[in-house]
Amino acid sequence: MKTEDYTGGDAFQTEKRTVFSGDWLPLCAEAQIGRPGDFLAASVGGWSVFGVRDGEGVVRVLRNACRHQNMQVVGTPSGNCQSFRCRFHGWTYDLQGRFLSAPAPVAPKDLQSTDLHLANLACTTVSGLVFFSLGSSAAAPELGGDLPAYGGTLATDIGCNWKVCVEHLLAEHGPSSDLLWRWPLLAVRRAGALAIVEQIVPHTFLRTRLFTHVFGGAVEEHTPAVGLIKQACEQLQADRTAGTACASDGALIVDFHRRLASAYAQEPAAT
Ligand code: FES
């Protein structure tokens, strides 16, 4: 990896079109949207989406792009509602993303057109985690069986490129029978009755959110550990910005870099 792969927007745009458009991506724990009307919005690798549990209890993942002028319909990270009203001009959608209404001055001509509905993405739930895909034909990743009872989620914003966070998690724990790494954004660690799922959410090329989902234990106990991850990743980002390459040559890191190189190779080099 080159320094600019960790510090520049160009690499992030390449990753949006390659890494993040062709694989199943985690969005959240299913329990984070446990009740009808619960929603959670995120920008994952440059794709703006939101998950919602509809009135029938079905979990959906939709593109967060209004059919009027393509602006974000959902402007808050999470909450509960009965419908989604776009804050720009008032187009309104139900919990399944179907167009409901719009103010007369900006109303579409054909109110029955299915083109007015928000785009539903392929989504599935695996071991209590919600995944979505923009185009993968592969099966969703399995996570080594059921996880213990959900204990909660810690959300941590880190000032680093998402790849720094992945490298830190993989280098820190190394390959073992207790660590499952699921390209590109998920690591599952098990220790006895406890399972920790680290979910990386690449918001921008220098801003990453880490969801630490705790299964089989109390979430508060993990706050100090997550603080250390944030501290370490921000230091590593400073190192990468200064030109220091990733020092780890562990098997998981090597595999991560190999898959990245393969994804980058899907796009012709700029001339
Ligand atoms: S962009 Fe959503 S209502 Fe205009």
# chains A, B, ... in the order shown; residues from 1 in each chain; ligands from 1
call {"tool": "residues_around", "arguments": {"residues": "Leu194 of chain A", "least_positions_apart": "4", "cutoff": "12 Å", "atoms": "only C-alpha atoms", "output": "number ranges by chain"}}
result
A: 146-151, 178, 188-190, 213-219, 221-222
call {"tool": "select_by_dssp", "arguments": {"residues": "segment 69-238 of chain A", "states": "strand (DSSP E)", "output": "JSON, numbers by chain"}}
result
{"A": [78, 79, 80, 84, 85, 92, 93, 99, 100, 101, 120, 121, 122, 123, 124, 125, 126, 129, 130, 131, 132, 133, 150, 151, 152, 153, 154, 155, 156, 157, 158, 179, 180, 181, 182, 186, 187, 188, 189, 190, 191, 194, 195, 196, 197, 198, 199, 200, 201, 202, 203, 204, 207, 208, 209, 210, 211, 212, 213, 214, 215]}
call {"tool": "residues_near_ligand", "arguments": {"ligand": "ligand 1", "cutoff": "10 Å", "atoms": "only C-alpha atoms and all ligand atoms", "output": "VMD selection string"}}
result
chain A and resid 65 to 74 85 to 92 101 to 103 106 to 107
call {"tool": "closest_residue", "arguments": {"among": "A:Val49, A:Ile200, A:Ala242, A:Ala261", "to": "Val166 of chain A", "atoms": "only C-alpha atoms"}}
result
A:Ile200
call {"tool": "closest_residue", "arguments": {"among": "A:Leu95, A:Val226, A:Val130, A:Ile158", "to": "Leu118 of chain A", "atoms": "only C-alpha atoms"}}
result
A:Leu95
call {"tool": "closest_atom_pairs", "arguments": {"of": "segment 165-215 of chain A", "to": "segment 9-19 of chain A", "cutoff": "12 Å", "atoms": "only C-alpha atoms", "output": "CSV"}}
result
residue,atom,partner,partner_atom,distance
A:Trp183,CA,A:Val19,CA,9.3
A:Pro184,CA,A:Val19,CA,7.5
A:Leu185,CA,A:Val19,CA,10.1
A:Pro202,CA,A:Phe12,CA,9.1
A:His203,CA,A:Phe12,CA,9.9
A:Thr204,CA,A:Phe12,CA,7.4
A:Phe205,CA,A:Phe12,CA,5.6
A:Leu206,CA,A:Gly9,CA,8.6
A:Arg207,CA,A:Phe12,CA,11.1
A:Thr208,CA,A:Phe12,CA,12.0
call {"tool": "select_by_dssp", "arguments": {"residues": "segment 18-240 of chain A", "states": "alpha helix (DSSP H)", "output": "VMD selection string"}}
result
chain A and resid 162 to 173 223 to 240
call {"tool": "residues_around", "arguments": {"residues": "Cys246 of chain A", "least_positions_apart": "5", "cutoff": "10 Å", "atoms": "only C-alpha atoms", "output": "MDAnalysis selection string"}}
result
chainID A and resid 1:2 164 167:168 171 236 239:240 253
call {"tool": "write_last_selection", "arguments": {"atoms": "N, CA and C atoms", "output": "PDB file, in the first residue's frame"}}
result
ATOM      1  N   MET A   1       0.837  -1.194   0.000  1.00  0.00           N
ATOM      2  CA  MET A   1       0.000   0.000   0.000  1.00  0.00           C
ATOM      3  C   MET A   1       0.874   1.248   0.000  1.00  0.00           C
ATOM      4  N   LYS A   2       0.476   2.234  -0.769  1.00  0.00           N
ATOM      5  CA  LYS A   2       1.223   3.494  -0.806  1.00  0.00           C
ATOM      6  C   LYS A   2       0.625   4.480   0.202  1.00  0.00           C
ATOM      7  N   VAL A 164      -6.445   1.289   8.018  1.00  0.00           N
ATOM      8  CA  VAL A 164      -5.618   1.336   9.229  1.00  0.00           C
ATOM      9  C   VAL A 164      -6.306   0.574  10.353  1.00  0.00           C
ATOM     10  N   GLU A 167      -6.113  -3.170   9.638  1.00  0.00           N
ATOM     11  CA  GLU A 167      -4.753  -3.669   9.881  1.00  0.00           C
ATOM     12  C   GLU A 167      -4.480  -3.787  11.381  1.00  0.00           C
ATOM     13  N   HIS A 168      -4.916  -2.799  12.123  1.00  0.00           N
ATOM     14  CA  HIS A 168      -4.677  -2.854  13.574  1.00  0.00           C
ATOM     15  C   HIS A 168      -5.388  -4.054  14.193  1.00  0.00           C
ATOM     16  N   ALA A 171      -3.569  -7.274  13.008  1.00  0.00           N
ATOM     17  CA  ALA A 171      -2.219  -7.421  13.561  1.00  0.00           C
ATOM     18  C   ALA A 171      -2.269  -7.666  15.059  1.00  0.00           C
ATOM     19  N   LEU A 236      -1.453   5.212  14.316  1.00  0.00           N
ATOM     20  CA  LEU A 236      -1.044   4.536  13.082  1.00  0.00           C
ATOM     21  C   LEU A 236      -1.350   5.385  11.854  1.00  0.00           C
ATOM     22  N   ASP A 239       1.326   7.766  11.465  1.00  0.00           N
ATOM     23  CA  ASP A 239       2.498   7.078  10.908  1.00  0.00           C
ATOM     24  C   ASP A 239       2.367   6.907   9.394  1.00  0.00           C
ATOM     25  N   ARG A 240       1.175   6.461   8.949  1.00  0.00           N
ATOM     26  CA  ARG A 240       0.972   6.263   7.502  1.00  0.00           C
ATOM     27  C   ARG A 240       1.102   7.588   6.766  1.00  0.00           C
ATOM     28  N   ILE A 253      -2.916 -10.062   7.467  1.00  0.00           N
ATOM     29  CA  ILE A 253      -2.578  -8.776   6.847  1.00  0.00           C
ATOM     30  C   ILE A 253      -2.179  -8.984   5.387  1.00  0.00           C
TER      31      ILE A 253
END
call {"tool": "atom_distance", "arguments": {"atom1": "atom CA of Ser78 of chain A", "atom2": "atom CA of Phe50 of chain A"}}
result
8.9 Å
call {"tool": "closest_residue", "arguments": {"among": "A:Thr156, A:Ser43, A:Gln235, A:Thr212", "to": "Leu25 of chain A", "atoms": "only C-alpha atoms"}}
result
A:Ser43
